[in-house]
$ cat input.txt   # compact mmCIF, C-alpha atoms
# COMPACT_ATOMS: atom_id res chain seq x y z
CA LYS I 24 0.00 0.00 0.00
CA ALA I 25 1.24 3.45 -0.81
CA GLY I 26 1.79 5.69 2.19
CA VAL I 27 0.46 9.16 2.87
CA THR I 28 1.69 11.60 0.26
CA GLN I 29 1.93 15.36 0.58
CA THR I 30 2.58 17.94 -2.09
CA PRO I 31 4.50 20.06 -2.48
CA ARG I 32 7.38 19.03 -0.25
CA TYR I 33 8.86 22.53 -0.02
CA LEU I 34 7.39 25.98 -0.47
CA ILE I 35 8.70 29.50 -0.17
CA LYS I 36 6.16 32.30 0.07
CA THR I 37 6.15 35.93 1.13
CA ARG I 38 4.09 37.58 3.84
CA GLY I 39 0.52 38.29 2.83
CA GLN I 40 0.34 35.54 0.23
CA GLN I 41 -1.81 32.47 0.54
CA VAL I 42 -0.86 28.82 0.16
CA THR I 43 -2.63 25.52 -0.46
CA LEU I 44 -1.15 22.22 0.63
CA SER I 45 -2.38 18.81 -0.47
CA CYS I 46 -2.55 15.44 1.27
CA SER I 47 -3.48 12.06 -0.19
CA PRO I 48 -4.25 9.52 2.54
CA ILE I 49 -3.60 5.82 2.46
CA SER I 50 -6.13 4.06 0.25
CA GLY I 51 -9.25 3.25 2.27
CA HIS I 52 -8.53 5.75 5.03
CA ARG I 53 -11.28 8.28 5.57
CA SER I 54 -9.86 10.40 8.39
CA VAL I 55 -7.24 13.03 7.63
CA SER I 56 -5.69 15.24 10.31
CA TRP I 57 -3.39 18.20 9.82
CA TYR I 58 -0.63 19.31 12.17
CA GLN I 59 1.82 22.19 12.34
CA GLN I 60 5.30 21.35 13.62
CA THR I 61 7.74 24.03 14.79
CA PRO I 62 10.86 23.72 16.94
CA GLY I 63 9.41 25.76 19.78
CA GLN I 64 5.84 24.47 19.91
CA GLY I 65 6.26 20.94 18.62
CA LEU I 66 3.40 19.25 16.85
CA GLN I 67 0.12 21.11 17.14
CA PHE I 68 -3.22 19.85 15.92
CA LEU I 69 -4.91 21.99 13.26
CA PHE I 70 -8.02 20.05 12.27
CA GLU I 71 -9.40 16.69 11.30
CA TYR I 72 -11.64 15.78 8.39
CA PHE I 73 -13.78 12.70 8.07
CA SER I 74 -16.12 11.98 5.19
CA GLU I 75 -15.72 15.52 3.84
CA THR I 76 -16.69 17.11 7.19
CA GLN I 77 -14.48 18.89 9.67
CA ARG I 78 -14.83 16.84 12.83
CA ASN I 79 -12.30 18.43 15.17
CA LYS I 80 -10.49 21.74 15.20
CA GLY I 81 -7.45 22.96 17.08
CA ASN I 82 -6.71 26.41 18.40
CA PHE I 83 -5.57 28.17 15.24
CA PRO I 84 -6.88 31.39 13.68
CA GLY I 85 -9.41 31.37 10.88
CA ARG I 86 -6.65 31.99 8.34
CA PHE I 87 -6.09 28.26 8.51
CA SER I 88 -8.77 26.27 6.74
CA GLY I 89 -9.14 22.96 5.06
CA ARG I 90 -11.40 20.71 3.13
CA GLN I 91 -11.73 17.08 2.16
CA PHE I 92 -12.91 15.65 -1.10
CA SER I 93 -15.07 12.61 -1.76
CA ASN I 94 -11.95 10.51 -2.46
CA SER I 95 -10.65 11.47 1.04
CA ARG I 96 -7.87 13.65 -0.35
CA SER I 97 -7.54 16.79 1.71
CA GLU I 98 -6.24 20.29 1.20
CA MET I 99 -5.18 22.86 3.71
CA ASN I 100 -5.16 26.59 2.97
CA VAL I 101 -3.42 29.37 4.83
CA SER I 102 -4.37 32.90 3.84
CA THR I 103 -2.51 36.13 4.56
CA LEU I 104 0.70 34.36 5.49
CA GLU I 105 2.71 35.57 8.46
CA LEU I 106 6.38 34.93 9.26
CA GLY I 107 5.28 32.74 12.17
CA ASP I 108 3.53 30.38 9.78
CA SER I 109 6.92 29.01 8.71
CA ALA I 110 6.75 25.38 9.78
CA LEU I 111 6.53 21.77 8.73
CA TYR I 112 2.92 20.91 7.95
CA LEU I 113 2.09 17.27 8.42
CA CYS I 114 -0.98 15.34 7.56
CA ALA I 115 -1.90 11.97 9.01
CA SER I 116 -4.51 9.48 7.96
CA SER I 117 -6.32 6.65 9.67
CA GLY I 118 -9.31 4.48 8.92
CA THR I 119 -12.01 6.23 10.85
CA GLY I 120 -10.04 8.50 13.18
CA GLY I 121 -10.61 6.53 16.35
CA LEU I 122 -8.08 7.06 19.13
CA GLN I 123 -7.33 3.34 19.12
CA GLU I 124 -6.27 3.50 15.48
CA THR I 125 -2.75 4.14 14.25
CA GLN I 126 -2.23 7.47 12.53
CA TYR I 127 0.09 7.31 9.54
CA PHE I 128 1.95 10.51 8.84
CA GLY I 129 3.11 11.87 5.52
CA PRO I 130 6.59 13.36 5.03
CA GLY I 131 5.26 16.88 5.43
CA THR I 132 5.39 20.12 3.50
CA ARG I 133 8.05 22.54 4.68
CA LEU I 134 6.78 26.10 4.33
CA LEU I 135 9.07 29.09 4.59
CA VAL I 136 7.48 32.54 4.77
CA LEU I 137 9.78 35.45 3.97
CA GLN U 23 2.15 25.37 31.75
CA LYS U 24 1.91 23.09 28.72
CA GLU U 25 -0.39 20.08 28.91
CA VAL U 26 2.50 17.81 27.94
CA GLU U 27 6.13 18.45 28.90
CA GLN U 28 9.07 16.73 27.27
CA ASP U 29 12.76 17.45 27.64
CA PRO U 30 14.01 18.53 24.18
CA GLY U 31 17.50 17.12 24.71
CA PRO U 32 19.67 16.50 22.80
CA LEU U 33 20.49 13.25 24.53
CA SER U 34 23.71 11.54 23.44
CA VAL U 35 24.45 7.97 24.49
CA PRO U 36 26.98 5.32 23.43
CA GLU U 37 25.84 2.38 21.34
CA GLY U 38 24.42 -0.40 23.50
CA ALA U 39 23.23 1.91 26.28
CA ILE U 40 19.75 1.83 27.77
CA VAL U 41 17.89 5.01 26.90
CA SER U 42 15.11 6.47 29.01
CA LEU U 43 12.79 9.07 27.50
CA ASN U 44 10.05 10.70 29.54
CA CYS U 45 7.01 12.94 29.39
CA THR U 46 4.86 14.45 32.08
CA TYR U 47 1.33 15.67 31.60
CA SER U 48 -1.28 17.60 33.51
CA ASN U 49 -4.63 16.43 32.10
CA SER U 50 -5.90 13.42 34.04
CA ALA U 51 -8.44 12.71 31.25
CA PHE U 52 -5.75 11.32 28.95
CA GLN U 53 -6.34 7.64 28.33
CA TYR U 54 -4.27 6.88 25.24
CA PHE U 55 -0.50 7.20 25.27
CA MET U 56 1.79 6.93 22.27
CA TRP U 57 5.43 7.24 21.34
CA TYR U 58 6.43 8.29 17.86
CA ARG U 59 9.86 8.30 16.24
CA GLN U 60 10.71 10.96 13.70
CA TYR U 61 13.78 10.82 11.52
CA SER U 62 15.12 13.98 9.96
CA ARG U 63 13.00 15.19 7.04
CA LYS U 64 10.40 12.47 7.62
CA GLY U 65 6.99 12.34 9.26
CA PRO U 66 6.55 10.72 12.68
CA GLU U 67 5.95 6.97 12.81
CA LEU U 68 4.16 5.20 15.63
CA LEU U 69 6.45 3.13 17.86
CA MET U 70 4.37 2.22 20.88
CA TYR U 71 0.74 2.57 21.89
CA THR U 72 -0.66 2.05 25.39
CA TYR U 73 -4.16 2.40 26.70
CA SER U 74 -4.45 3.48 30.35
CA SER U 75 -1.73 2.47 32.83
CA GLY U 76 0.85 -0.28 32.70
CA ASN U 77 3.78 -1.51 30.67
CA LYS U 78 4.06 -2.64 27.09
CA GLU U 79 7.07 -4.28 25.50
CA ASP U 80 7.94 -4.64 21.83
CA GLY U 81 11.39 -5.93 21.04
CA ARG U 82 13.95 -3.49 22.39
CA PHE U 83 11.27 -0.93 23.29
CA THR U 84 9.26 -0.74 26.53
CA ALA U 85 6.60 1.86 27.21
CA GLN U 86 5.45 2.61 30.74
CA VAL U 87 2.48 4.67 31.86
CA ASP U 88 1.99 5.84 35.44
CA LYS U 89 -1.33 7.66 35.52
CA SER U 90 -1.11 8.36 39.26
CA SER U 91 2.07 10.39 38.68
CA LYS U 92 1.01 11.61 35.21
CA TYR U 93 4.29 10.32 33.81
CA ILE U 94 5.10 8.16 30.82
CA SER U 95 8.41 6.64 29.75
CA LEU U 96 9.96 4.93 26.77
CA PHE U 97 12.95 2.68 27.33
CA ILE U 98 15.22 1.58 24.51
CA ARG U 99 17.52 -1.36 25.27
CA ASP U 100 20.74 -2.04 23.39
CA SER U 101 20.47 1.28 21.58
CA GLN U 102 21.76 1.43 18.03
CA PRO U 103 22.97 4.34 15.85
CA SER U 104 19.83 3.75 13.76
CA ASP U 105 17.78 4.76 16.82
CA SER U 106 19.11 8.31 16.43
CA ALA U 107 15.97 10.36 15.85
CA THR U 108 13.52 12.64 17.62
CA TYR U 109 11.07 10.85 19.90
CA LEU U 110 7.66 12.38 20.44
CA CYS U 111 5.20 11.42 23.12
CA ALA U 112 1.51 11.91 22.41
CA MET U 113 -1.61 11.58 24.48
CA GLY U 114 -5.26 11.39 23.66
CA SER U 115 -8.60 11.60 25.32
CA THR U 116 -12.14 11.06 24.13
CA SER U 117 -13.15 14.25 25.94
CA GLY U 118 -12.14 17.75 24.95
CA THR U 119 -11.59 19.38 21.57
CA TYR U 120 -8.20 17.99 20.66
CA LYS U 121 -7.71 14.35 19.97
CA TYR U 122 -3.98 14.17 20.39
CA ILE U 123 -1.58 16.39 22.29
CA PHE U 124 2.08 15.95 21.40
CA GLY U 125 5.21 16.69 23.36
CA THR U 126 7.84 18.83 21.66
CA GLY U 127 10.11 15.82 21.18
CA THR U 128 13.48 14.65 22.53
CA ARG U 129 16.42 14.46 20.12
CA LEU U 130 18.40 11.27 20.66
CA LYS U 131 21.83 10.56 19.24
CA VAL U 132 23.34 7.11 19.64
CA LEU U 133 27.09 7.20 19.08
CA ALA U 134 28.80 4.25 17.37

$ encode --input "input.txt" --output "structure tokens"
Amino acid sequence: KAGVTQTPRYLIKTRGQQVTLSCSPISGHRSVSWYQQTPGQGLQFLFEYFSETQRNKGNFPGRFSGRQFSNSRSEMNVSTLELGDSALYLCASSGTGGLQETQYFGPGTRLLVL
Amino acid sequence: QKEVEQDPGPLSVPEGAIVSLNCTYSNSAFQYFMWYRQYSRKGPELLMYTYSSGNKEDGRFTAQVDKSSKYISLFIRDSQPSDSATYLCAMGSTSGTYKYIFGTGTRLKVLA
């Protein structure tokens, strides 16, 4: 089975721009979660999508949004980029998103905001 | 105070040593406890998963959960240079908004 894939792997943007990141989960997985990873804060939960609906949301501003398509692929959008948005963005997929399930992480998209 | 505290390291040990990695937490509602390993430029991968208190062993890895002290540990026996990575603890609860709370990770370097 192919693992979780994320595109692009690297991005450089400038302040004020917007960015869209993509995540393709493992085939058959319906839950996709997004995380932001920075050296100071570690891994922080952004949101989770299941069957095209946002099921959980972390404590991030409204500039961070996402969506999920009928094939479970998910996109994350950040508008009006700030320098502090520079981070590794990870997505993780699991079957149904239950806490007893293993989350499989993608390699991440490294975003640099200048 | 963060919900989950983890010493960032780095922790350097000689090959063959026993490594102890730890996390403390403040939310007594956490029921699910996980350890992830993250190599440079890769996403985290699940190493150990424990529900509630107790010990769990898998090969050279042992996970311990002490809910009374709000403390979890990961032990690595006979450490190898290939164990050099960042180790993240994570905790989950069926209550609350967030499903998983991660520690900031401990960088481990095993010297050959």

$ interface_residues --input "input.txt" --of "chain U" --to "chain I" --cutoff "8 Å" --atoms "only C-alpha atoms" --output "PyMOL selection string"
chain U and resi 54+63-68+114-116+119-127

$ write_last_selection --input "input.txt" --atoms "C-alpha atoms" --output "JSON list (two decimals), in the frame of the given file"
[["chain", "number", "residue", "atom", "x", "y", "z"],
["U", 54, "TYR", "CA", -4.27, 6.88, 25.24],
["U", 63, "ARG", "CA", 13.00, 15.19, 7.04],
["U", 64, "LYS", "CA", 10.40, 12.47, 7.62],
["U", 65, "GLY", "CA", 6.99, 12.34, 9.26],
["U", 66, "PRO", "CA", 6.55, 10.72, 12.68],
["U", 67, "GLU", "CA", 5.95, 6.97, 12.81],
["U", 68, "LEU", "CA", 4.16, 5.20, 15.63],
["U", 114, "GLY", "CA", -5.26, 11.39, 23.66],
["U", 115, "SER", "CA", -8.60, 11.60, 25.32],
["U", 116, "THR", "CA", -12.14, 11.06, 24.13],
["U", 119, "THR", "CA", -11.59, 19.38, 21.57],
["U", 120, "TYR", "CA", -8.20, 17.99, 20.66],
["U", 121, "LYS", "CA", -7.71, 14.35, 19.97],
["U", 122, "TYR", "CA", -3.98, 14.17, 20.39],
["U", 123, "ILE", "CA", -1.58, 16.39, 22.29],
["U", 124, "PHE", "CA", 2.08, 15.95, 21.40],
["U", 125, "GLY", "CA", 5.21, 16.69, 23.36],
["U", 126, "THR", "CA", 7.84, 18.83, 21.66],
["U", 127, "GLY", "CA", 10.11, 15.82, 21.18]]

$ atom_distance --input "input.txt" --atom1 "atom CA of Lys92 of chain U" --atom2 "atom CA of Tyr58 of chain U"
18.5 Å

$ atom_distance --input "input.txt" --atom1 "atom CA of Ser47 of chain I" --atom2 "atom CA of Thr30 of chain I"
8.7 Å

$ atom_distance --input "input.txt" --atom1 "atom CA of Arg129 of chain U" --atom2 "atom CA of Ser101 of chain U"
13.9 Å

$ residues_around --input "input.txt" --residues "Thr72 of chain U" --least-positions-apart "3" --cutoff "12 Å" --atoms "all atoms listed in the file" --output "PDB file with C-alpha atoms, keeping the file's coordinate frame"
ATOM      1  CA  LEU I 122      -8.080   7.060  19.130  1.00  0.00           C
ATOM      2  CA  GLN I 123      -7.330   3.340  19.120  1.00  0.00           C
ATOM      3  CA  GLU I 124      -6.270   3.500  15.480  1.00  0.00           C
ATOM      4  CA  THR I 125      -2.750   4.140  14.250  1.00  0.00           C
TER       5      THR I 125
ATOM      6  CA  PHE U  52      -5.750  11.320  28.950  1.00  0.00           C
ATOM      7  CA  GLN U  53      -6.340   7.640  28.330  1.00  0.00           C
ATOM      8  CA  TYR U  54      -4.270   6.880  25.240  1.00  0.00           C
ATOM      9  CA  PHE U  55      -0.500   7.200  25.270  1.00  0.00           C
ATOM     10  CA  MET U  56       1.790   6.930  22.270  1.00  0.00           C
ATOM     11  CA  TRP U  57       5.430   7.240  21.340  1.00  0.00           C
ATOM     12  CA  LEU U  68       4.160   5.200  15.630  1.00  0.00           C
ATOM     13  CA  LEU U  69       6.450   3.130  17.860  1.00  0.00           C
ATOM     14  CA  SER U  75      -1.730   2.470  32.830  1.00  0.00           C
ATOM     15  CA  GLY U  76       0.850  -0.280  32.700  1.00  0.00           C
ATOM     16  CA  ASN U  77       3.780  -1.510  30.670  1.00  0.00           C
ATOM     17  CA  LYS U  78       4.060  -2.640  27.090  1.00  0.00           C
ATOM     18  CA  GLU U  79       7.070  -4.280  25.500  1.00  0.00           C
ATOM     19  CA  ASP U  80       7.940  -4.640  21.830  1.00  0.00           C
ATOM     20  CA  THR U  84       9.260  -0.740  26.530  1.00  0.00           C
ATOM     21  CA  ALA U  85       6.600   1.860  27.210  1.00  0.00           C
ATOM     22  CA  GLN U  86       5.450   2.610  30.740  1.00  0.00           C
ATOM     23  CA  VAL U  87       2.480   4.670  31.860  1.00  0.00           C
ATOM     24  CA  ASP U  88       1.990   5.840  35.440  1.00  0.00           C
ATOM     25  CA  LYS U  89      -1.330   7.660  35.520  1.00  0.00           C
ATOM     26  CA  ILE U  94       5.100   8.160  30.820  1.00  0.00           C
ATOM     27  CA  SER U  95       8.410   6.640  29.750  1.00  0.00           C
ATOM     28  CA  LEU U  96       9.960   4.930  26.770  1.00  0.00           C
ATOM     29  CA  CYS U 111       5.200  11.420  23.120  1.00  0.00           C
ATOM     30  CA  ALA U 112       1.510  11.910  22.410  1.00  0.00           C
ATOM     31  CA  MET U 113      -1.610  11.580  24.480  1.00  0.00           C
ATOM     32  CA  GLY U 114      -5.260  11.390  23.660  1.00  0.00           C
TER      33      GLY U 114
END

$ residues_around --input "input.txt" --residues "Asp105 of chain U" --least-positions-apart "5" --cutoff "10 Å" --atoms "all atoms listed in the file" --output "compact mmCIF listing (two decimals) with C-alpha atoms, keeping the file's coordinate frame"
# COMPACT_ATOMS: atom_id res chain seq x y z
CA GLU U 37 25.84 2.38 21.34
CA ARG U 59 9.86 8.30 16.24
CA GLN U 60 10.71 10.96 13.70
CA TYR U 61 13.78 10.82 11.52
CA ILE U 98 15.22 1.58 24.51
CA ASP U 100 20.74 -2.04 23.39
CA LEU U 130 18.40 11.27 20.66
CA LYS U 131 21.83 10.56 19.24
CA VAL U 132 23.34 7.11 19.64
CA LEU U 133 27.09 7.20 19.08

$ residues_around --input "input.txt" --residues "Ser50 of chain I" --least-positions-apart "5" --cutoff "9 Å" --atoms "only C-alpha atoms" --output "PyMOL selection string"
chain I and resi 24-27+95

$ write_last_selection --input "input.txt" --atoms "C-alpha atoms" --output "short mmCIF file (atom, residue, chain, number, x, y, z; two decimals), in the frame of the given file"
data_model
loop_
_atom_site.label_atom_id
_atom_site.label_comp_id
_atom_site.auth_asym_id
_atom_site.auth_seq_id
_atom_site.Cartn_x
_atom_site.Cartn_y
_atom_site.Cartn_z
CA LYS I 24 0.00 0.00 0.00
CA ALA I 25 1.24 3.45 -0.81
CA GLY I 26 1.79 5.69 2.19
CA VAL I 27 0.46 9.16 2.87
CA SER I 95 -10.65 11.47 1.04
#

$ residues_around --input "input.txt" --residues "Gln91 of chain I" --least-positions-apart "6" --cutoff "9 Å" --atoms "only C-alpha atoms" --output "PyMOL selection string"
chain I and resi 55+72-77+97-99

$ build_atoms --input "input.txt" --residues "segment 96-108 of chain I" --atoms "N, CA and C atoms" --output "PDB file, keeping the file's coordinate frame"
ATOM      1  N   ARG I  96      -8.992  12.713  -0.234  1.00  0.00           N
ATOM      2  CA  ARG I  96      -7.870  13.650  -0.350  1.00  0.00           C
ATOM      3  C   ARG I  96      -8.248  14.948   0.359  1.00  0.00           C
ATOM      4  N   SER I  97      -7.254  15.589   0.941  1.00  0.00           N
ATOM      5  CA  SER I  97      -7.540  16.790   1.710  1.00  0.00           C
ATOM      6  C   SER I  97      -6.588  17.911   1.302  1.00  0.00           C
ATOM      7  N   GLU I  98      -7.062  19.104   1.422  1.00  0.00           N
ATOM      8  CA  GLU I  98      -6.240  20.290   1.200  1.00  0.00           C
ATOM      9  C   GLU I  98      -6.323  21.188   2.415  1.00  0.00           C
ATOM     10  N   MET I  99      -5.226  21.890   2.644  1.00  0.00           N
ATOM     11  CA  MET I  99      -5.180  22.860   3.710  1.00  0.00           C
ATOM     12  C   MET I  99      -4.775  24.206   3.113  1.00  0.00           C
ATOM     13  N   ASN I 100      -5.434  25.256   3.505  1.00  0.00           N
ATOM     14  CA  ASN I 100      -5.160  26.590   2.970  1.00  0.00           C
ATOM     15  C   ASN I 100      -4.794  27.534   4.119  1.00  0.00           C
ATOM     16  N   VAL I 101      -3.766  28.317   3.884  1.00  0.00           N
ATOM     17  CA  VAL I 101      -3.420  29.370   4.830  1.00  0.00           C
ATOM     18  C   VAL I 101      -3.451  30.684   4.068  1.00  0.00           C
ATOM     19  N   SER I 102      -4.274  31.602   4.520  1.00  0.00           N
ATOM     20  CA  SER I 102      -4.370  32.900   3.840  1.00  0.00           C
ATOM     21  C   SER I 102      -3.561  33.942   4.618  1.00  0.00           C
ATOM     22  N   THR I 103      -3.237  35.013   3.954  1.00  0.00           N
ATOM     23  CA  THR I 103      -2.510  36.130   4.560  1.00  0.00           C
ATOM     24  C   THR I 103      -1.358  35.620   5.432  1.00  0.00           C
ATOM     25  N   LEU I 104      -0.404  34.993   4.779  1.00  0.00           N
ATOM     26  CA  LEU I 104       0.700  34.360   5.490  1.00  0.00           C
ATOM     27  C   LEU I 104       1.469  35.337   6.363  1.00  0.00           C
ATOM     28  N   GLU I 105       1.868  34.818   7.535  1.00  0.00           N
ATOM     29  CA  GLU I 105       2.710  35.570   8.460  1.00  0.00           C
ATOM     30  C   GLU I 105       4.031  34.821   8.620  1.00  0.00           C
ATOM     31  N   LEU I 106       5.066  35.555   9.088  1.00  0.00           N
ATOM     32  CA  LEU I 106       6.380  34.930   9.260  1.00  0.00           C
ATOM     33  C   LEU I 106       6.286  33.716  10.180  1.00  0.00           C
ATOM     34  N   GLY I 107       5.438  33.815  11.195  1.00  0.00           N
ATOM     35  CA  GLY I 107       5.280  32.740  12.170  1.00  0.00           C
ATOM     36  C   GLY I 107       4.624  31.493  11.621  1.00  0.00           C
ATOM     37  N   ASP I 108       4.142  31.571  10.382  1.00  0.00           N
ATOM     38  CA  ASP I 108       3.530  30.380   9.780  1.00  0.00           C
ATOM     39  C   ASP I 108       4.585  29.442   9.191  1.00  0.00           C
TER      40      ASP I 108
END
